[in-house]
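Data block for start_0.cif (mmCIF, C-alpha atoms):
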```
data_query
#
loop_
_atom_site.label_atom_id
_atom_site.label_comp_id
_atom_site.auth_asym_id
_atom_site.auth_seq_id
_atom_site.Cartn_x
_atom_site.Cartn_y
_atom_site.Cartn_z
CA MET O 519 105.18 151.59 75.89
CA GLU O 520 105.67 149.00 73.22
CA ASN O 521 104.95 146.31 75.77
CA ARG O 522 101.85 148.17 76.91
CA LYS O 523 100.38 148.18 73.41
CA ILE O 524 101.09 144.49 72.95
CA ILE O 525 99.46 143.67 76.25
CA ILE O 526 96.39 145.80 75.57
CA THR O 527 95.95 144.15 72.18
CA GLU O 528 96.33 140.70 73.74
CA LEU O 529 93.83 141.51 76.50
CA GLN O 530 91.31 142.90 74.04
CA ALA O 531 91.34 139.55 72.29
CA VAL O 532 91.11 137.47 75.47
CA ALA O 533 89.19 139.58 78.01
CA PRO O 534 88.11 142.95 76.57
CA LEU O 535 86.42 144.04 79.79
CA ILE O 536 89.74 144.01 81.64
CA ALA O 537 91.48 145.89 78.84
CA ALA O 538 89.14 148.80 79.48
CA ILE O 539 89.86 149.01 83.21
CA SER O 540 92.13 151.80 84.43
CA GLN O 541 95.40 150.71 85.99
CA ALA O 542 95.49 153.47 88.61
CA LYS O 543 97.02 152.25 91.85
CA LEU O 544 94.34 151.64 94.40
CA TYR O 545 96.31 150.63 97.43
CA THR O 546 97.73 153.40 99.59
CA VAL O 547 101.28 153.54 100.86
CA PRO O 548 102.30 155.36 104.03
CA GLU O 549 103.78 158.77 103.30
CA GLY O 550 107.56 158.75 103.03
CA TYR O 551 107.68 154.94 102.98
CA PHE O 552 109.87 154.59 99.93
CA ALA O 553 112.10 157.51 100.93
CA SER O 554 112.99 155.93 104.25
CA PHE O 555 112.97 152.28 103.19
CA PRO O 556 116.67 152.02 102.13
CA SER O 557 118.03 153.46 105.36
CA VAL O 558 115.66 151.37 107.46
CA LEU O 559 116.78 148.25 105.66
CA THR O 560 120.53 148.89 105.83
CA GLU O 561 120.20 149.62 109.54
CA LYS O 562 118.32 146.36 110.01
CA ILE O 563 121.06 144.44 108.20
CA ARG O 564 123.75 146.10 110.33
CA VAL O 565 121.96 145.12 113.55
CA GLU O 566 121.48 141.56 112.38
CA GLU O 567 125.16 141.19 111.61
CA MET O 568 126.13 142.61 114.97
CA LEU O 569 123.82 140.19 116.73
CA ALA O 570 125.27 137.30 114.74
CA GLN O 571 128.75 138.24 115.95
CA ALA O 572 127.59 138.71 119.54
CA THR O 573 126.15 135.21 119.77
CA ALA O 574 129.37 133.58 118.59
CA PRO O 575 130.66 131.23 121.32
CA VAL O 576 133.52 132.62 123.50
CA TYR O 577 134.52 129.39 125.26
CA GLU O 578 137.01 127.10 123.61
CA VAL O 579 136.39 123.45 123.00
CA PRO O 580 139.27 120.94 122.60
CA ASP O 581 139.95 119.83 119.05
CA GLY O 582 137.99 116.75 118.07
CA TYR O 583 135.91 116.84 121.25
CA PHE O 584 132.50 116.46 119.65
CA ALA O 585 133.76 113.92 117.15
CA SER O 586 135.02 111.57 119.84
CA LEU O 587 132.25 112.18 122.38
CA PRO O 588 129.72 109.56 121.11
CA GLY O 589 132.35 106.83 121.15
CA GLU O 590 133.50 107.68 124.66
CA ILE O 591 129.97 107.64 126.01
CA LEU O 592 129.25 104.27 124.40
CA SER O 593 132.42 102.73 125.76
CA ARG O 594 131.47 103.84 129.26
CA ILE O 595 128.06 102.26 128.86
CA HIS O 596 129.47 98.95 127.66
CA THR O 597 132.33 98.74 130.13
CA ASN O 598 132.09 95.49 132.07
CA HIS O 599 132.42 96.38 135.69
CA SER O 600 133.23 93.33 137.77
CA VAL O 601 130.81 92.60 140.57
CA ARG O 602 133.46 93.41 143.17
CA GLU O 603 134.32 96.71 141.48
CA GLU O 604 130.66 97.59 141.28
CA LEU O 605 130.13 96.74 144.94
CA ASP O 606 133.21 98.75 145.87
CA GLU O 607 131.50 101.77 144.40
CA VAL O 608 128.06 101.07 145.83
CA ALA O 609 128.56 99.27 149.21
CA PRO O 610 132.22 98.39 149.95
CA LEU O 611 131.37 96.73 153.31
CA LEU O 612 129.59 93.87 151.49
CA ASN O 613 132.81 92.95 149.74
CA THR O 614 134.28 92.03 153.15
CA ILE O 615 131.59 89.39 153.92
CA ASP O 616 132.05 85.65 153.09
CA LYS O 617 129.77 84.68 150.20
CA GLU O 618 129.09 81.03 151.28
CA THR O 619 125.34 80.50 151.87
CA PRO O 620 124.73 79.21 155.41
CA TYR O 621 121.53 77.16 154.62
CA GLN O 622 121.64 73.30 155.07
CA VAL O 623 120.65 70.84 152.31
CA PRO O 624 119.83 67.09 152.83
CA ALA O 625 122.87 64.94 151.97
CA THR O 626 121.44 63.04 148.95
CA TYR O 627 118.99 65.66 147.84
CA PHE O 628 120.52 66.57 144.52
CA ALA O 629 121.35 62.90 143.66
CA GLN O 630 117.80 61.66 144.19
CA ALA O 631 115.69 64.51 142.97
CA ASP O 632 114.24 63.99 139.51
CA PHE O 633 113.45 67.50 138.48
CA ALA O 634 112.38 66.43 135.00
CA ARG O 635 109.61 64.21 136.35
CA LEU O 636 108.61 66.87 138.81
CA ALA O 637 108.25 69.29 135.91
CA ARG O 638 105.98 66.85 134.06
CA TYR O 639 103.63 66.57 137.00
CA GLN O 640 103.94 70.16 137.86
CA GLN O 641 100.72 71.80 138.91
CA PRO O 642 99.38 73.83 136.05
CA GLN O 643 99.89 77.48 136.35
CA ALA O 644 97.08 79.55 137.56
CA ARG O 645 94.41 79.67 134.96
CA ILE O 646 94.15 82.95 133.24
CA VAL O 647 90.51 83.80 133.21
CA SER O 648 89.53 85.68 130.17
CA LEU O 649 87.36 88.61 130.72
CA ARG O 650 85.26 87.17 127.96
CA LEU O 651 84.75 83.90 129.92
CA ALA O 652 81.17 84.70 130.82
CA ARG O 653 80.37 85.26 127.19
CA LYS O 654 82.03 81.96 126.27
CA TRP O 655 79.99 80.06 128.87
CA VAL O 656 76.83 81.48 127.37
CA GLN O 657 78.01 80.26 124.00
CA TYR O 658 78.82 76.82 125.37
CA ALA O 659 75.43 76.60 127.11
CA ALA O 660 73.69 77.53 123.91
CA ALA O 661 75.68 74.93 121.99
CA ALA O 662 74.92 72.30 124.63
CA LEU O 663 71.23 73.13 124.49
CA VAL O 664 71.13 72.77 120.74
CA THR O 665 73.10 69.56 120.91
CA GLY O 666 70.76 68.21 123.59
CA VAL O 667 67.75 69.00 121.50
CA LEU O 668 69.27 67.30 118.49
CA VAL O 669 70.35 64.24 120.45
CA THR O 670 66.97 63.92 122.17
CA GLY O 671 65.23 64.22 118.86
CA ALA O 672 67.51 61.66 117.33
CA PHE O 673 66.99 59.39 120.30
CA LEU O 674 63.21 59.65 120.11
CA TYR O 675 63.28 59.19 116.38
CA THR O 676 65.43 56.12 116.61
CA ASP O 677 63.72 54.66 119.73
CA ASN O 678 62.91 51.34 118.06
CA PRO O 679 63.65 48.07 119.95
CA ALA O 680 64.75 46.28 116.80
CA ASN O 681 67.20 49.01 116.04
CA ILE O 682 68.49 49.00 119.57
CA GLU O 683 68.96 45.23 119.54
CA GLU O 684 70.71 45.42 116.20
CA THR O 685 73.01 48.12 117.50
CA THR O 686 73.65 46.16 120.67
CA HIS O 687 74.36 43.02 118.72
CA LYS O 688 76.89 44.76 116.56
CA THR O 689 78.95 45.92 119.45
CA VAL O 690 78.73 43.00 121.92
CA ASP O 691 81.01 39.95 121.83
CA LEU O 692 78.44 37.20 122.47
CA SER O 693 80.80 34.45 123.52
CA SER O 694 82.63 36.57 126.09
CA GLU O 695 79.34 37.82 127.44
CA LEU O 696 78.00 34.27 127.73
CA ASN O 697 81.11 33.22 129.60
CA LYS O 698 80.29 35.80 132.19
CA VAL O 699 76.84 34.27 132.76
CA SER O 700 76.75 31.61 135.49
CA GLU O 701 75.02 28.25 135.07
CA THR O 702 72.45 29.15 137.67
CA GLU O 703 71.51 32.23 135.75
CA LEU O 704 71.28 30.25 132.57
CA ALA O 705 69.05 27.69 134.21
CA ASN O 706 66.79 30.38 135.60
CA TYR O 707 66.64 31.93 132.18
CA LEU O 708 65.57 28.70 130.56
CA ASP O 709 63.04 27.98 133.29
CA ASN O 710 61.27 31.18 132.39
CA PRO O 711 58.18 30.19 130.34
CA GLU O 712 58.73 32.98 127.85
CA HIS O 713 62.24 31.90 127.20
CA ALA O 714 61.24 28.24 127.14
CA ALA O 715 59.08 28.96 124.13
CA VAL O 716 62.14 30.17 122.32
CA ALA O 717 64.07 27.12 123.42
CA ASN O 718 61.29 24.84 122.24
CA THR O 719 61.45 26.57 118.93
CA VAL O 720 65.06 25.78 118.77
CA THR O 721 64.59 22.14 119.79
CA THR O 722 62.03 21.56 117.10
CA LEU O 723 64.82 21.79 114.65
CA THR O 724 65.59 18.29 113.31
CA SER O 725 68.85 16.62 114.22
CA GLU O 726 69.86 16.69 110.60
CA GLU O 727 69.22 20.43 110.47
CA ILE O 728 71.19 20.89 113.64
CA LEU O 729 74.07 18.76 112.36
CA ALA O 730 74.15 20.65 109.10
CA ASP O 731 74.22 23.90 111.01
CA VAL O 732 77.02 22.66 113.29
CA LYS O 733 79.04 21.42 110.31
CA ASN O 734 78.63 24.72 108.62
CA ASN O 735 79.80 26.60 111.68
CA LEU O 736 82.71 24.21 112.29
CA GLN O 737 83.98 24.69 108.74
CA GLN O 738 84.36 28.36 109.48
CA VAL O 739 86.53 27.60 112.53
CA SER O 740 90.26 27.01 111.96
CA ASP O 741 92.22 24.04 113.44
CA GLU O 742 94.20 26.31 115.75
CA GLU O 743 91.01 27.82 117.15
CA LEU O 744 89.58 24.32 117.77
CA LYS O 745 92.70 23.21 119.57
CA GLN O 746 92.69 26.33 121.68
CA TYR O 747 89.03 25.79 122.51
CA LEU O 748 89.67 22.19 123.53
CA THR O 749 92.65 23.26 125.64
CA ASP O 750 90.62 25.91 127.37
CA ASN O 751 87.76 23.55 128.05
CA ALA O 752 89.85 20.46 128.87
CA GLU O 753 87.62 19.21 131.69
CA GLY O 754 84.52 19.06 129.51
CA TYR O 755 86.45 17.36 126.71
CA GLU O 756 87.64 14.61 129.03
CA VAL O 757 84.05 14.00 130.04
CA LEU O 758 83.02 13.73 126.41
CA THR O 759 85.84 11.45 125.43
CA SER O 760 85.33 9.23 128.45
CA GLU O 761 81.78 8.36 127.37
CA MET W 1157 122.75 143.20 81.70
CA HIS W 1158 121.86 146.85 81.86
CA ALA W 1159 124.91 149.09 82.08
CA ASP W 1160 123.84 150.73 85.28
CA ASP W 1161 123.14 147.33 86.88
CA LYS W 1162 126.60 146.14 85.90
CA GLU W 1163 128.11 149.25 87.45
CA LEU W 1164 126.12 148.79 90.60
CA LEU W 1165 127.26 145.19 90.91
CA PHE W 1166 130.87 146.19 90.38
CA GLN W 1167 130.58 148.79 93.16
CA PHE W 1168 128.88 146.27 95.41
CA HIS W 1169 131.89 143.95 95.11
CA GLN W 1170 134.16 146.75 96.35
CA THR W 1171 134.29 147.01 100.13
CA ALA W 1172 134.43 150.80 100.07
CA THR W 1173 131.35 151.17 97.95
CA LYS W 1174 129.40 148.08 98.92
CA GLU W 1175 126.78 149.77 101.09
CA LYS W 1176 126.39 152.69 98.74
CA ALA W 1177 125.79 150.34 95.78
CA PHE W 1178 123.34 148.31 97.82
CA THR W 1179 121.39 151.42 98.77
CA ALA W 1180 121.28 152.39 95.14
CA ILE W 1181 119.93 148.96 94.15
CA ILE W 1182 117.22 149.25 96.78
CA LYS W 1183 116.16 152.67 95.57
CA LYS W 1184 116.05 151.52 91.97
CA TYR W 1185 113.91 148.40 92.53
CA GLN W 1186 112.04 148.90 95.78
CA GLU W 1187 108.77 150.20 94.30
CA LYS W 1188 108.53 147.62 91.57
CA LEU W 1189 109.24 144.81 94.00
CA TYR W 1190 106.96 146.34 96.65
CA TRP W 1191 103.94 146.42 94.36
CA HIS W 1192 104.67 142.96 93.06
CA VAL W 1193 104.64 141.69 96.66
CA ARG W 1194 101.71 143.88 97.74
CA ARG W 1195 99.48 142.50 94.98
CA LEU W 1196 100.24 139.04 96.37
CA VAL W 1197 99.77 139.67 100.08
CA VAL W 1198 97.41 142.71 99.92
CA ASP W 1199 98.27 144.10 103.36
CA HIS W 1200 100.95 146.85 103.58
CA ASP W 1201 102.54 145.55 106.80
CA ASP W 1202 102.81 142.08 105.35
CA ALA W 1203 104.26 143.51 102.14
CA ASN W 1204 106.81 145.48 104.18
CA ASP W 1205 107.89 142.36 106.07
CA VAL W 1206 108.28 140.42 102.86
CA LEU W 1207 110.13 143.23 101.07
CA GLN W 1208 112.63 143.53 103.89
CA ASN W 1209 113.24 139.79 103.78
CA VAL W 1210 113.76 140.07 100.03
CA PHE W 1211 116.48 142.71 100.30
CA ILE W 1212 118.19 140.96 103.20
CA LYS W 1213 118.45 137.92 100.95
CA VAL W 1214 119.77 140.16 98.16
CA TRP W 1215 122.45 141.57 100.50
CA ARG W 1216 123.57 138.06 101.46
CA GLY W 1217 123.34 136.53 97.98
CA LEU W 1218 124.52 139.34 95.70
CA GLU W 1219 128.18 138.46 96.36
CA ASN W 1220 127.59 135.13 94.60
CA PHE W 1221 125.26 136.40 91.88
CA ARG W 1222 126.62 134.92 88.65
CA GLU W 1223 125.21 137.61 86.36
CA ASP W 1224 123.92 134.96 83.92
CA SER W 1225 120.54 136.68 84.11
CA GLN W 1226 119.38 140.27 84.48
CA LEU W 1227 119.61 141.66 87.99
CA TYR W 1228 115.90 142.51 88.06
CA THR W 1229 115.03 138.94 86.92
CA TRP W 1230 116.95 137.66 89.95
CA LEU W 1231 115.31 140.22 92.22
CA TYR W 1232 111.82 139.40 90.95
CA ARG W 1233 112.48 135.68 91.49
CA ILE W 1234 113.46 136.30 95.12
CA ALA W 1235 110.44 138.57 95.66
CA THR W 1236 108.03 136.03 94.12
CA ASN W 1237 109.41 133.17 96.23
CA GLU W 1238 109.34 135.23 99.41
CA GLY W 1239 105.75 136.34 98.74
CA LEU W 1240 104.56 132.80 98.08
CA SER W 1241 106.48 131.50 101.13
CA PHE W 1242 104.82 134.13 103.25
CA LEU W 1243 101.38 133.03 102.09
CA GLU W 1244 102.32 129.40 102.75
CA GLN W 1245 103.44 130.25 106.29
CA GLN W 1246 100.17 132.09 106.91
CA LYS W 1247 98.28 128.98 105.84
CA LYS W 1248 100.29 126.79 108.24
CA ARG W 1249 99.83 129.22 111.12
CA GLY W 1250 96.10 129.17 110.50
CA THR W 1251 95.94 132.86 109.75
CA ILE W 1252 94.43 131.88 106.45
CA SER W 1253 92.81 128.45 106.28
CA LEU W 1254 93.92 126.03 103.59
CA ASP W 1255 90.62 126.15 101.74
CA GLU W 1256 89.93 129.80 102.26
CA GLU W 1257 93.17 131.48 101.24
CA GLU W 1258 91.59 133.22 98.26
CA ALA W 1259 88.52 134.22 100.27
CA GLY W 1260 90.78 135.54 103.06
CA LEU W 1261 92.77 137.75 100.70
CA SER W 1262 89.56 138.97 99.01
CA ASN W 1263 88.32 139.97 102.45
CA LYS W 1264 91.55 141.89 103.00
CA VAL W 1265 90.90 143.76 99.74
CA ARG W 1266 87.39 144.57 100.87
CA ALA W 1267 88.77 145.67 104.26
CA ASP W 1268 90.85 148.41 102.61
CA SER W 1269 89.65 151.84 103.75
CA ASN W 1270 89.27 153.00 100.15
CA PHE W 1271 87.44 149.93 98.91
CA ASP W 1272 84.52 150.70 96.61
CA ALA W 1273 82.65 147.68 95.22
CA ASN W 1274 81.06 149.87 92.54
CA LYS W 1275 84.39 150.61 90.94
CA LEU W 1276 85.67 148.16 88.37
CA GLU W 1277 89.25 148.63 89.59
CA TRP W 1278 88.32 147.30 93.06
CA ARG W 1279 86.32 144.45 91.61
CA LEU W 1280 89.38 143.58 89.55
CA GLN W 1281 91.46 143.39 92.74
CA VAL W 1282 88.90 141.11 94.38
CA ALA W 1283 88.79 138.97 91.25
CA ILE W 1284 92.60 138.65 91.13
CA GLN W 1285 92.61 137.30 94.69
CA GLN W 1286 90.26 134.50 93.58
CA LEU W 1287 93.02 133.07 91.39
CA PRO W 1288 95.41 130.34 92.55
CA GLU W 1289 98.73 131.75 93.74
CA LYS W 1290 100.89 131.04 90.73
CA GLN W 1291 98.22 132.14 88.28
CA ARG W 1292 97.92 135.34 90.28
CA VAL W 1293 101.69 135.92 89.94
CA VAL W 1294 101.54 135.33 86.17
CA PHE W 1295 98.61 137.69 85.71
CA ASN W 1296 100.20 140.44 87.86
CA LEU W 1297 103.57 140.24 86.11
CA ARG W 1298 101.95 140.43 82.69
CA TYR W 1299 99.10 142.83 83.39
CA TYR W 1300 100.74 145.25 85.85
CA ASP W 1301 104.48 144.87 85.19
CA GLU W 1302 104.02 144.38 81.45
CA MET W 1303 106.65 141.69 81.52
CA PRO W 1304 107.43 139.75 78.32
CA TYR W 1305 106.75 136.02 78.50
CA GLN W 1306 110.44 135.38 77.91
CA GLU W 1307 111.45 137.32 81.04
CA MET W 1308 108.59 135.79 83.01
CA SER W 1309 109.81 132.35 81.95
CA ARG W 1310 113.23 133.06 83.50
CA ILE W 1311 111.71 134.34 86.74
CA LEU W 1312 109.18 131.56 87.21
CA GLU W 1313 111.20 128.83 85.46
CA THR W 1314 108.16 127.82 83.42
CA SER W 1315 107.80 127.57 79.65
CA GLU W 1316 106.50 130.56 77.75
CA GLY W 1317 103.64 128.52 76.31
CA ALA W 1318 102.45 127.46 79.73
CA LEU W 1319 102.68 131.03 80.99
CA LYS W 1320 100.67 132.31 78.05
CA ALA W 1321 97.97 129.73 78.58
CA SER W 1322 97.89 130.50 82.29
CA TYR W 1323 97.58 134.24 81.65
CA HIS W 1324 94.75 133.84 79.14
CA HIS W 1325 92.91 131.48 81.44
CA ALA W 1326 93.32 133.90 84.36
CA ALA W 1327 92.09 136.85 82.29
CA ARG W 1328 88.91 135.00 81.26
CA LYS W 1329 88.24 133.91 84.81
CA ILE W 1330 88.66 137.47 86.11
CA GLU W 1331 86.37 138.84 83.41
CA GLU W 1332 83.71 136.28 84.24
CA PHE W 1333 83.99 137.09 87.94
CA ILE W 1334 83.64 140.83 87.35
CA LYS W 1335 80.57 140.33 85.19
CA ASN W 1336 78.87 138.26 87.88
CA TYR W 1337 80.05 140.27 90.91
#
```
Any chance you could put this one into structure tokens?
Amino acid sequence: MENRKIIITELQAVAPLIAAISQAKLYTVPEGYFASFPSVLTEKIRVEEMLAQATAPVYEVPDGYFASLPGEILSRIHTNHSVREELDEVAPLLNTIDKETPYQVPATYFAQADFARLARYQQPQARIVSLRLARKWVQYAAAALVTGVLVTGAFLYTDNPANIEETTHKTVDLSSELNKVSETELANYLDNPEHAAVANTVTTLTSEEILADVKNNLQQVSDEELKQYLTDNAEGYEVLTSE
Amino acid sequence: MHADDKELLFQFHQTATKEKAFTAIIKKYQEKLYWHVRRLVVDHDDANDVLQNVFIKVWRGLENFREDSQLYTWLYRIATNEGLSFLEQQKKRGTISLDEEEAGLSNKVRADSNFDANKLEWRLQVAIQQLPEKQRVVFNLRYYDEMPYQEMSRILETSEGALKASYHHAARKIEEFIKNY
């Protein structure tokens, strides 16, 4: 009762509405439930204990059986059966047959064969075609198209003879190219009126101007290069010196 | 420990009187524990299942009961844990969905054959089922069982201050719910 008063007082301070509510039990309980509950429960416990005893194992197991079982199983798995022992179990007749292979091999085959070199030139393995190959080709085609457009544009933009000649001159070795040209071709070239005009332009240079130019060029050539040149062109040199 | 509880425990430890003492313990505490469980699970059949599980655990564990707390404190602790475990199992089985546990129990209250929404007492029951489980336990133990915070603290293994705060919070929530119902 003391507790009841304390709780009512507490509830009136916190939630007065609840303090006013009756505590009559609302839920119903089957008639005779509490009277029979103890006997029902003790009977249930008795049955459970009986069942627990009934399910106890009756067969005996050797001492230490379960403890050693994993190890025994593993050792059976890892046991190295010899091939003969295995075949004895599977197909004993095969153990009676001679194992020498009857196929013939050329006498010097193993001495001459260079398997390392053969491996280097081995045909590549079958190409694995990606399922995404088609998509890649589309990408490559698109890239090629863009590149082509850019190159064509660059080509058209830079399509200037002077530029071409300059580029050509930078990459061509004039002396080696001239050596490839025959005398007949040279003569034909000079006979061409257009080219003759150029030659005339050259010949209008004074001998002093020419000499100065030659001296200037010769100073840039080393003694070894001169000797080499004279060696290479020995026939012409003899002609010159014989005059 | 109460004298009669001590006597009952002594008789329980004697083989000759073990079952008789156990029966006596059941008769002494069955109603209190039943209503404590019933207010948690609402349904009678569910409460019966839980109560039986409680006393089976008592039968198995009473041999080792150290008597460092009151017998009824120990019994209430078992009953609370079994009730909450039952609700947890119902959630996992999908009988009550995770988010709708409180709504499910409220519906069970409303499904009672005697339910009358006009009566404050029934609205209180519906309101109690809106509370989270542990808050529900605290409110029920204090409001219905008139349990001191000190005893409640031993049963629920929570500080008295926390229990007090939880109870006050629950009471205000219930009052608010009833006003708006």
Given the PyMOL selection byres ((chain W) within 6 of (chain O)) and the file above, list the residues it selects as a short mmCIF file (atom, residue, chain, number, x, y, z; two decimals) with C-alpha atoms, keeping the file's coordinate frame.
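So the final result, stored in out.cif, reads:
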```cif
data_model
loop_
_atom_site.label_atom_id
_atom_site.label_comp_id
_atom_site.auth_asym_id
_atom_site.auth_seq_id
_atom_site.Cartn_x
_atom_site.Cartn_y
_atom_site.Cartn_z
CA THR W 1179 121.39 151.42 98.77
CA ALA W 1327 92.09 136.85 82.29
CA ARG W 1328 88.91 135.00 81.26
#
```
Determine, for each residue of stretch 1235-1331 of chain W having at least one atom at most 12 Å from an atom of stretch 1211-1219 of chain W, the closest pair of atoms and their separation in Å to one decimal, counting only C-alpha atoms; order by chain and ascending number, as a Markdown table.
```
| residue | atom | partner | partner_atom | distance |
| --- | --- | --- | --- | --- |
| W:Ala1235 | CA | W:Phe1211 | CA | 8.7 |
| W:Asn1237 | CA | W:Lys1213 | CA | 11.3 |
| W:Glu1238 | CA | W:Lys1213 | CA | 9.6 |
```
Output C-alpha atoms for every residue in that selection, as a PDB file, keeping the file's coordinate frame.
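The new file selection.pdb reads:
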```
ATOM      1  CA  ALA W1235     110.440 138.570  95.660  1.00  0.00           C
ATOM      2  CA  ASN W1237     109.410 133.170  96.230  1.00  0.00           C
ATOM      3  CA  GLU W1238     109.340 135.230  99.410  1.00  0.00           C
TER       4      GLU W1238
END
```
Next on the checklist: Can you pull out the residues contacting W:Leu1227? Cut-off 9 Å, using all atoms listed in the file, and skip same-chain residues under 3 positions away; I want them as a VMD selection string.
Outcome noted: chain W and resid 1157 to 1158 1161 to 1162 1165 1221 1223 to 1224 1230 to 1232
Item to check | Length of the atom CA of W:Tyr1337 to atom CA of W:Trp1278 vector [Å] | outcome: 11.1 Å
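Separating atom CA of W:Glu1187 from atom CA of W:Val1293 is a distance of 16.5 Å.
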Next on the checklist: If the PyMOL selection byres ((chain W and resi 1291) around 9) were run on this exact file, what residues would it hold? Put them as a list in words.
Outcome noted: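 Applied to this file, the PyMOL selection byres ((chain W and resi 1291) around 9) returns Leu1287, Pro1288, Glu1289, Lys1290, Arg1292, Val1293, Val1294, Phe1295, Asn1296, Leu1319, Ser1322, Tyr1323, His1325 and Ala1326 of chain W.
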Next on the checklist: Given the PyMOL selection byres ((chain W and resi 1167) around 12) and the file above, list the residues it selects as a PyMOL selection string.
Outcome noted: chain W and resi 1160-1166+1168-1181+1218-1219
Emit the selected residues as a PDB file, in the frame of the given file, including C-alpha atoms.
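Below you can see again_11.pdb, which holds the result:
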```
ATOM      1  CA  ASP W1160     123.840 150.730  85.280  1.00  0.00           C
ATOM      2  CA  ASP W1161     123.140 147.330  86.880  1.00  0.00           C
ATOM      3  CA  LYS W1162     126.600 146.140  85.900  1.00  0.00           C
ATOM      4  CA  GLU W1163     128.110 149.250  87.450  1.00  0.00           C
ATOM      5  CA  LEU W1164     126.120 148.790  90.600  1.00  0.00           C
ATOM      6  CA  LEU W1165     127.260 145.190  90.910  1.00  0.00           C
ATOM      7  CA  PHE W1166     130.870 146.190  90.380  1.00  0.00           C
ATOM      8  CA  PHE W1168     128.880 146.270  95.410  1.00  0.00           C
ATOM      9  CA  HIS W1169     131.890 143.950  95.110  1.00  0.00           C
ATOM     10  CA  GLN W1170     134.160 146.750  96.350  1.00  0.00           C
ATOM     11  CA  THR W1171     134.290 147.010 100.130  1.00  0.00           C
ATOM     12  CA  ALA W1172     134.430 150.800 100.070  1.00  0.00           C
ATOM     13  CA  THR W1173     131.350 151.170  97.950  1.00  0.00           C
ATOM     14  CA  LYS W1174     129.400 148.080  98.920  1.00  0.00           C
ATOM     15  CA  GLU W1175     126.780 149.770 101.090  1.00  0.00           C
ATOM     16  CA  LYS W1176     126.390 152.690  98.740  1.00  0.00           C
ATOM     17  CA  ALA W1177     125.790 150.340  95.780  1.00  0.00           C
ATOM     18  CA  PHE W1178     123.340 148.310  97.820  1.00  0.00           C
ATOM     19  CA  THR W1179     121.390 151.420  98.770  1.00  0.00           C
ATOM     20  CA  ALA W1180     121.280 152.390  95.140  1.00  0.00           C
ATOM     21  CA  ILE W1181     119.930 148.960  94.150  1.00  0.00           C
ATOM     22  CA  LEU W1218     124.520 139.340  95.700  1.00  0.00           C
ATOM     23  CA  GLU W1219     128.180 138.460  96.360  1.00  0.00           C
TER      24      GLU W1219
END
```
Selection: 10 Å around W:Gln1281, all atoms listed in the file, excl. self and same-chain fewer than 2 positions, as a PDB file with C-alpha atoms, in the frame of the given file:
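Here's the written file part.pdb:
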```pdb
ATOM      1  CA  LEU O 544      94.340 151.640  94.400  1.00  0.00           C
ATOM      2  CA  TYR O 545      96.310 150.630  97.430  1.00  0.00           C
TER       3      TYR O 545
ATOM      4  CA  ARG W1195      99.480 142.500  94.980  1.00  0.00           C
ATOM      5  CA  VAL W1198      97.410 142.710  99.920  1.00  0.00           C
ATOM      6  CA  LEU W1261      92.770 137.750 100.700  1.00  0.00           C
ATOM      7  CA  SER W1262      89.560 138.970  99.010  1.00  0.00           C
ATOM      8  CA  VAL W1265      90.900 143.760  99.740  1.00  0.00           C
ATOM      9  CA  ARG W1266      87.390 144.570 100.870  1.00  0.00           C
ATOM     10  CA  PHE W1271      87.440 149.930  98.910  1.00  0.00           C
ATOM     11  CA  LEU W1276      85.670 148.160  88.370  1.00  0.00           C
ATOM     12  CA  GLU W1277      89.250 148.630  89.590  1.00  0.00           C
ATOM     13  CA  TRP W1278      88.320 147.300  93.060  1.00  0.00           C
ATOM     14  CA  ARG W1279      86.320 144.450  91.610  1.00  0.00           C
ATOM     15  CA  ALA W1283      88.790 138.970  91.250  1.00  0.00           C
ATOM     16  CA  ILE W1284      92.600 138.650  91.130  1.00  0.00           C
ATOM     17  CA  GLN W1285      92.610 137.300  94.690  1.00  0.00           C
ATOM     18  CA  GLN W1286      90.260 134.500  93.580  1.00  0.00           C
ATOM     19  CA  ILE W1330      88.660 137.470  86.110  1.00  0.00           C
ATOM     20  CA  ILE W1334      83.640 140.830  87.350  1.00  0.00           C
TER      21      ILE W1334
END
```
Item to check | Which residue of W:Ala1267, W:Ala1273, W:Ala1203, W:Val1282 approaches W:Phe1242 most closely, using only C-alpha atoms | outcome: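 Using only C-alpha atoms, W:Phe1242 sits closest to W:Ala1203.
Of note, atom CA of W:Glu1302 and atom CA of O:Gly550 are spaced 26.2 Å apart.
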Checklist entry - List as a count of residues only: which residues have an atom within 10 Å of (107.9, 146.6, 89.7), counting all atoms listed in the file? => result 17
